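Novice: So here's my_file-v5.cif, just mmCIF, C-alpha atoms:
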```cif
data_coords
loop_
_atom_site.label_atom_id
_atom_site.label_comp_id
_atom_site.auth_asym_id
_atom_site.auth_seq_id
_atom_site.Cartn_x
_atom_site.Cartn_y
_atom_site.Cartn_z
CA MET A 1 12.80 15.59 25.16
CA PHE A 2 9.92 14.54 22.90
CA ASP A 3 9.08 11.14 24.39
CA ASN A 4 5.84 12.43 25.93
CA LEU A 5 4.41 13.46 22.54
CA PRO A 6 2.25 10.90 20.66
CA ASN A 7 3.31 9.67 17.23
CA LEU A 8 1.61 11.52 14.40
CA LEU A 9 0.11 8.30 13.01
CA THR A 10 -1.79 7.51 16.20
CA SER A 11 -4.58 9.93 15.23
CA HIS A 12 -6.19 9.56 11.80
CA ASP A 13 -7.81 12.99 12.04
CA TYR A 14 -4.73 14.87 13.24
CA TYR A 15 -2.55 13.19 10.62
CA ALA A 16 -5.02 13.98 7.83
CA ARG A 17 -5.13 17.66 8.82
CA SER A 18 -1.35 17.80 9.20
CA PHE A 19 -0.82 16.16 5.81
CA ASP A 20 -3.33 18.47 4.11
CA THR A 21 -1.48 21.48 5.56
CA PHE A 22 1.79 20.06 4.26
CA LEU A 23 0.32 19.67 0.77
CA GLN A 24 -0.90 23.26 0.78
CA ALA A 25 2.62 24.45 1.67
CA THR A 26 4.41 22.51 -1.09
CA ASP A 27 4.87 23.40 -4.74
CA LYS A 28 1.91 21.08 -5.43
CA GLY A 29 4.09 18.19 -6.57
CA LEU A 30 4.50 19.72 -10.02
CA SER A 31 7.72 17.83 -10.79
CA SER A 32 6.11 14.57 -9.72
CA LYS A 33 3.04 15.15 -11.89
CA VAL A 34 5.20 16.03 -14.90
CA TRP A 35 7.24 12.84 -14.49
CA LEU A 36 4.13 10.67 -14.25
CA ALA A 37 2.52 12.32 -17.27
CA GLU A 38 5.65 11.93 -19.39
CA ASN A 39 6.73 8.44 -18.36
CA ILE A 40 3.84 6.21 -17.32
CA ALA A 41 2.73 5.88 -20.94
CA LYS A 42 6.22 4.57 -21.80
CA LEU A 43 5.89 1.85 -19.18
CA VAL A 44 2.44 0.64 -20.19
CA GLU A 45 2.19 -1.36 -23.36
CA THR A 46 -0.89 -0.73 -25.52
CA LYS A 47 -3.38 -3.42 -24.58
CA GLU A 48 -7.08 -4.14 -24.31
CA GLU A 49 -7.08 -4.35 -20.51
CA LEU A 50 -4.96 -2.56 -17.93
CA SER A 51 -4.78 -3.29 -14.21
CA VAL A 52 -3.33 -0.87 -11.65
CA LEU A 53 -2.73 -1.11 -7.90
CA SER A 54 -2.18 2.16 -6.02
CA VAL A 55 -0.72 1.66 -2.54
CA GLY A 56 -1.49 4.44 -0.07
CA CYS A 57 -3.47 6.56 -2.52
CA GLY A 58 -4.34 9.30 -0.02
CA ILE A 59 -7.11 11.59 -1.23
CA GLY A 60 -6.59 10.38 -4.81
CA THR A 61 -5.31 13.61 -6.37
CA VAL A 62 -2.41 11.92 -8.19
CA ASP A 63 -4.48 8.86 -9.11
CA LEU A 64 -7.34 10.80 -10.69
CA GLN A 65 -4.98 13.05 -12.62
CA LEU A 66 -3.10 10.00 -13.92
CA ILE A 67 -6.36 8.32 -14.94
CA HIS A 68 -7.67 11.40 -16.74
CA SER A 69 -4.43 12.59 -18.36
CA THR A 70 -2.83 9.29 -19.33
CA LEU A 71 -4.47 5.94 -18.62
CA LEU A 72 -7.89 6.47 -20.25
CA SER A 73 -6.17 7.32 -23.54
CA LEU A 74 -4.02 4.17 -23.41
CA CYS A 75 -6.55 1.46 -22.74
CA PRO A 76 -10.30 0.90 -23.29
CA ASN A 77 -10.73 -1.20 -20.14
CA ILE A 78 -9.04 -0.23 -16.86
CA THR A 79 -9.25 -1.91 -13.46
CA TYR A 80 -7.89 0.37 -10.73
CA HIS A 81 -7.46 -0.88 -7.16
CA ALA A 82 -6.51 1.70 -4.54
CA LEU A 83 -5.52 1.15 -0.90
CA GLU A 84 -5.93 3.83 1.76
CA PRO A 85 -6.10 2.99 5.50
CA ASN A 86 -6.77 6.55 6.71
CA PRO A 87 -10.60 6.87 6.89
CA ASN A 88 -10.48 10.65 6.28
CA HIS A 89 -8.48 10.23 3.08
CA PHE A 90 -10.53 7.20 2.02
CA ALA A 91 -13.75 9.22 2.26
CA ALA A 92 -12.19 12.17 0.42
CA PHE A 93 -11.05 9.93 -2.45
CA ALA A 94 -14.51 8.36 -2.73
CA GLU A 95 -16.08 11.83 -2.86
CA ALA A 96 -13.55 12.92 -5.52
CA ILE A 97 -14.43 9.92 -7.71
CA ASN A 98 -18.14 10.75 -7.54
CA SER A 99 -17.34 14.37 -8.42
CA SER A 100 -15.11 13.42 -11.37
CA PHE A 101 -17.25 10.74 -13.01
CA THR A 102 -20.82 9.67 -13.56
CA THR A 103 -20.61 6.42 -11.71
CA SER A 104 -22.50 3.66 -9.96
CA GLN A 105 -21.22 2.87 -6.47
CA VAL A 106 -21.67 -0.35 -4.50
CA GLU A 107 -20.19 -1.68 -1.27
CA LEU A 108 -18.24 -4.94 -1.44
CA GLY A 109 -17.42 -5.85 2.13
CA ASP A 110 -15.29 -2.97 3.46
CA SER A 111 -14.41 -1.78 -0.05
CA LEU A 112 -16.22 0.56 -2.45
CA LEU A 113 -16.60 -0.31 -6.13
CA PHE A 114 -17.14 2.47 -8.68
CA THR A 115 -18.16 1.45 -12.20
CA MET A 116 -17.88 3.74 -15.22
CA PRO A 117 -17.47 3.29 -18.98
CA LYS A 118 -13.91 2.05 -19.63
CA LEU A 119 -13.02 2.17 -15.94
CA THR A 120 -13.69 0.48 -12.60
CA ILE A 121 -12.15 1.78 -9.38
CA GLN A 122 -12.23 -0.22 -6.16
CA LEU A 123 -11.15 1.44 -2.91
CA PHE A 124 -9.90 -0.72 -0.05
CA PRO A 125 -9.60 0.76 3.47
CA THR A 126 -6.46 -1.16 4.32
CA LYS A 127 -2.69 -1.14 4.42
CA PHE A 128 -0.77 -3.07 1.78
CA GLU A 129 0.48 -5.46 4.46
CA HIS A 130 -3.13 -6.56 5.06
CA PHE A 131 -4.38 -6.41 1.46
CA THR A 132 -5.75 -9.48 -0.28
CA PRO A 133 -6.47 -9.05 -4.03
CA PRO A 134 -10.05 -9.84 -5.12
CA THR A 135 -8.87 -12.93 -7.02
CA THR A 136 -6.03 -15.34 -6.30
CA THR A 137 -4.70 -14.96 -9.85
CA GLN A 138 -4.69 -11.14 -9.79
CA HIS A 139 -1.70 -9.45 -11.43
CA TYR A 140 -1.11 -5.76 -12.04
CA ASP A 141 0.50 -3.99 -14.99
CA LEU A 142 1.37 -1.12 -12.65
CA VAL A 143 1.88 -1.00 -8.90
CA LEU A 144 2.15 2.62 -7.74
CA CYS A 145 3.57 3.72 -4.38
CA ILE A 146 3.40 7.51 -4.49
CA HIS A 147 4.88 8.74 -1.19
CA SER A 148 3.39 5.77 0.64
CA MET A 149 6.32 3.52 1.55
CA TYR A 150 7.62 5.49 4.50
CA PHE A 151 6.09 3.20 7.12
CA ILE A 152 5.65 -0.11 5.27
CA ARG A 153 7.05 -2.92 7.39
CA PRO A 154 8.76 -5.27 6.82
CA LEU A 155 10.10 -3.48 3.75
CA THR A 156 11.85 -6.28 1.87
CA VAL A 157 8.96 -8.71 2.37
CA SER A 158 6.49 -6.08 1.11
CA LEU A 159 8.65 -5.29 -1.92
CA ARG A 160 8.86 -8.98 -2.79
CA ARG A 161 5.09 -9.27 -2.57
CA MET A 162 4.56 -6.20 -4.76
CA ILE A 163 6.89 -7.64 -7.38
CA ASN A 164 5.06 -10.96 -7.30
CA LEU A 165 1.79 -9.12 -7.97
CA LEU A 166 3.21 -7.62 -11.20
CA THR A 167 2.35 -9.01 -14.61
CA PRO A 168 5.39 -11.16 -15.49
CA ASN A 169 7.91 -9.53 -17.86
CA THR A 170 5.78 -6.43 -18.56
CA GLY A 171 4.57 -5.16 -15.19
CA HIS A 172 6.26 -2.21 -13.46
CA LEU A 173 6.59 -1.10 -9.85
CA VAL A 174 6.80 2.69 -9.56
CA ILE A 175 7.85 4.22 -6.23
CA ASP A 176 7.96 7.93 -5.42
CA ASN A 177 9.78 8.55 -2.14
CA ALA A 178 11.81 11.16 -0.32
CA SER A 179 15.58 10.77 -0.32
CA PRO A 180 17.84 10.93 2.77
CA GLY A 181 17.85 14.35 4.35
CA GLY A 182 14.90 16.71 4.25
CA THR A 183 11.69 15.73 6.01
CA CYS A 184 12.92 12.15 6.53
CA GLN A 185 15.98 13.36 8.44
CA PHE A 186 14.21 16.02 10.51
CA PRO A 187 13.00 13.74 13.37
CA LEU A 188 16.43 12.15 13.66
CA LEU A 189 18.19 15.51 13.90
CA ALA A 190 15.66 16.61 16.49
CA GLY A 191 16.48 13.57 18.60
CA ILE A 192 12.97 12.18 18.28
CA LYS A 193 12.71 8.47 19.04
CA SER A 194 10.16 6.23 17.35
CA SER A 195 9.13 2.78 18.55
CA ASP A 196 8.06 1.88 15.01
CA GLY A 197 11.24 3.13 13.35
CA HIS A 198 11.64 6.34 11.40
CA THR A 199 10.37 7.00 7.91
CA LEU A 200 12.08 4.99 5.20
CA THR A 201 14.07 6.85 2.55
CA SER A 202 14.75 6.03 -1.09
CA THR A 203 18.14 4.65 -0.01
CA ASN A 204 16.44 2.14 2.31
CA ILE A 205 14.20 1.08 -0.55
CA LEU A 206 17.07 0.70 -3.01
CA GLN A 207 19.04 -1.35 -0.50
CA SER A 208 16.09 -3.73 -0.16
CA ILE A 209 15.66 -3.93 -3.92
CA TYR A 210 19.34 -4.83 -4.31
CA SER A 211 18.88 -7.67 -1.84
CA LEU A 212 16.17 -9.17 -4.05
CA TYR A 213 18.36 -9.38 -7.15
CA PRO A 214 20.63 -12.36 -7.81
CA SER A 215 24.29 -11.75 -7.02
CA ASP A 216 25.27 -11.71 -10.72
CA ALA A 217 22.85 -8.91 -11.69
CA ASP A 218 24.76 -6.39 -13.80
CA PHE A 219 23.91 -3.00 -12.34
CA CYS A 220 26.89 -1.29 -13.97
CA SER A 221 25.28 -1.55 -17.41
CA SER A 222 21.67 -1.41 -16.30
CA TRP A 223 21.61 1.60 -13.97
CA ILE A 224 19.96 4.17 -16.24
CA PRO A 225 18.65 7.33 -14.51
CA SER A 226 15.92 7.78 -17.12
CA LEU A 227 13.52 5.71 -19.16
CA MET A 228 15.75 5.62 -22.24
CA SER A 229 16.47 1.90 -22.09
CA LYS A 230 13.83 -0.81 -21.80
CA GLN A 231 16.62 -3.21 -20.88
CA SER A 232 17.52 -1.50 -17.62
CA LEU A 233 16.77 -3.46 -14.46
CA LEU A 234 16.30 -0.38 -12.34
CA GLN A 235 15.63 3.26 -13.20
CA VAL A 236 15.99 6.26 -10.91
CA TYR A 237 14.98 9.88 -11.35
CA LEU A 238 15.63 12.64 -8.79
CA TYR A 239 13.51 15.78 -8.48
CA ASN A 240 13.06 18.66 -6.05
CA THR A 241 10.20 19.73 -3.83
CA PHE A 242 10.08 23.02 -1.94
CA ILE A 243 7.90 23.57 1.13
CA ASP A 244 6.98 27.06 2.32
CA VAL A 245 7.62 27.05 6.08
CA SER A 246 7.38 30.83 6.52
CA SER A 247 4.28 30.52 8.72
CA ILE A 248 6.20 28.38 11.24
CA ILE A 249 9.35 30.47 11.41
CA GLU A 250 7.51 33.81 11.46
CA ASP A 251 5.45 32.59 14.44
CA SER A 252 8.52 31.49 16.40
CA SER A 253 8.29 34.40 18.88
CA ASN A 254 4.50 34.24 19.22
CA GLU A 255 1.86 31.64 19.91
CA MET A 256 1.65 29.35 16.88
CA ASP A 257 -1.61 29.29 14.96
CA GLU A 258 -3.22 25.95 14.16
CA GLN A 259 -1.98 25.73 10.56
CA ALA A 260 1.64 26.41 11.54
CA GLU A 261 1.44 23.83 14.32
CA LEU A 262 -0.01 21.19 11.99
CA LEU A 263 2.75 21.80 9.46
CA LEU A 264 5.45 21.58 12.12
CA ALA A 265 3.85 18.35 13.38
CA PHE A 266 4.25 16.80 9.93
CA PHE A 267 8.00 17.48 10.02
CA ALA A 268 8.38 16.18 13.57
CA GLU A 269 6.08 13.16 13.09
CA LYS A 270 4.55 14.07 16.44
CA ILE A 271 1.19 15.36 17.66
CA LEU A 272 1.96 18.82 19.05
CA THR A 273 -1.38 19.66 20.67
CA ASN A 274 0.11 19.44 24.17
CA ALA A 275 3.73 20.25 23.28
CA SER A 276 5.52 22.73 25.52
CA LYS A 277 6.85 26.07 24.26
CA LEU A 278 10.41 24.71 24.64
CA GLN A 279 9.62 21.66 22.53
CA LYS A 280 8.08 23.80 19.79
CA THR A 281 10.93 26.33 19.91
CA THR A 282 13.51 23.55 19.58
CA LEU A 283 11.75 22.18 16.50
CA ILE A 284 11.37 25.65 14.96
CA ASP A 285 15.07 26.44 15.46
CA LEU A 286 16.04 23.20 13.75
CA LEU A 287 13.66 23.89 10.88
CA ARG A 288 15.11 27.39 10.45
CA ASN A 289 18.65 25.98 10.28
CA MET A 290 17.58 23.48 7.60
CA SER A 291 15.67 26.03 5.48
CA LEU A 292 16.51 28.68 2.90
CA GLN A 293 15.56 32.34 3.36
CA GLY A 294 14.59 33.97 0.11
CA PRO A 295 14.86 37.63 -0.86
CA ASP A 296 11.10 38.03 -0.29
CA ASP A 297 11.50 36.92 3.34
CA ARG A 298 9.93 33.57 2.60
CA TRP A 299 11.45 30.49 4.19
CA LEU A 300 11.65 27.40 2.00
CA PHE A 301 12.49 23.87 3.04
CA TRP A 302 14.15 21.82 0.28
CA ASN A 303 13.31 18.14 -0.07
CA ALA A 304 14.92 15.78 -2.59
CA ASN A 305 12.58 13.11 -3.94
CA CYS A 306 13.20 10.05 -6.03
CA PHE A 307 11.23 7.98 -8.56
CA ILE A 308 12.30 4.34 -8.57
CA THR A 309 11.02 2.20 -11.43
CA LEU A 310 11.39 -1.56 -11.42
CA LYS A 311 10.36 -3.98 -14.15
CA ALA A 312 9.09 -7.49 -13.43
CA THR A 313 12.03 -9.16 -15.11
CA ALA A 314 12.79 -12.87 -14.97
CA GLU A 315 15.64 -12.20 -12.50
CA LEU A 316 13.20 -10.84 -9.92
CA LEU A 317 10.44 -13.39 -10.46
CA LYS A 318 12.64 -16.40 -9.78
#
```
I need this file expressed as structure tokens, please.

Specialist:
Amino acid sequence: MFDNLPNLLTSHDYYARSFDTFLQATDKGLSSKVWLAENIAKLVETKEELSVLSVGCGIGTVDLQLIHSTLLSLCPNITYHALEPNPNHFAAFAEAINSSFTTSQVELGDSLLFTMPKLTIQLFPTKFEHFTPPTTTQHYDLVLCIHSMYFIRPLTVSLRRMINLLTPNTGHLVIDNASPGGTCQFPLLAGIKSSDGHTLTSTNILQSIYSLYPSDADFCSSWIPSLMSKQSLLQVYLYNTFIDVSSIIEDSSNEMDEQAELLLAFFAEKILTNASKLQKTTLIDLLRNMSLQGPDDRWLFWNANCFITLKATAELLK
């Protein structure tokens, strides 16, 4: 029924506008920001130099908040590499850096290098799969994947490479990803087929992580859903996100406005510019059945998200 509609990722501009509409409809990632503010400092040891790789940084909202609220107070010398293949988001992040800091900016090949006191940020317009660190000996104390692993392929190979880029014994991989159900399940329930495979969930990621551990890894004693134990191999934290989809459902009997269409497109992972009324109605009905109607006549879509934290232990670096 939806085979004639292009994949959302085939248009950088349409995706960027759809994603921005989605962000405006969410609760602004408050739970995610709180987790990062409270826990990143526990993962980073006090040191003279800190290196960070942010995979799929988007417009840089989370990155800049993390730098300002946490990282600058932990370390006097920070190197921050950020990857963003979408040119709209890449440009927005670059503009945000110039607005947040007094900085010098130079072009290094396709990348942009921003230099400030205590901090250098280098933006790379590329996917992680195509990324080559500036030096062959580059290691990172933190590798961050904040809602960016949904379309990374092949997953296990990419996870292995991320782990190998971590500083041995002290580096951490931090992944923020949606869990099964919610937005990840929506295209499947709608019967939408994808030649590239559907978005990966936190369960897919955990399954791949398990495959990287030796068979004798003791998960029974090391599975700690918090950051209470530095000995844990793997740490998981679940949190909620709510998305206001009232604009979509309220427009179900009328012609959808642009903002409602862009938001619905994000759920469907399809470009809806030329979608028929039947296709849109089918998607809206599914969204209504998956949403909660509040007493104020607002419709909220619930999405479970998951932080996965992995330390570069000897077991993984073998």

Novice: Rank nothing, just name the residue among A:Leu200, A:Ala82, A:Ala25, A:Val245 nearest to A:Thr120, using only C-alpha atoms.

Specialist: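 Of all the options, A:Ala82 lies closest to A:Thr120.
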
Novice: Near stretch 155-157 of chain A, within 12 Å and counting all atoms listed in the file, which residues show up once chain neighbours fewer than 3 positions away are dropped, as number ranges by chain?

Specialist: A: 128-129, 148-152, 160-164, 197, 199-202, 204-213

Novice: Given the choices A:Ala37, A:Val44, A:Leu9, A:Ile59, which gets closest to A:Lys270 if the distance is worked out from only C-alpha atoms?

Specialist: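 Among the listed residues, A:Leu9 lies closest to A:Lys270.
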
Novice: I'd like the interatomic distance between atom CA of A:Gln122 and atom CA of A:Ala92, to a tenth of an Å.

Specialist: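 Atom CA of A:Ala92 lies at a distance of 14.0 Å from atom CA of A:Gln122.
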
Novice: I'd like to know which of A:Ser32, A:Ser99, A:Ser54, A:Thr183 is closest to A:Lys127, using all atoms listed in the file.

Specialist: A:Ser54
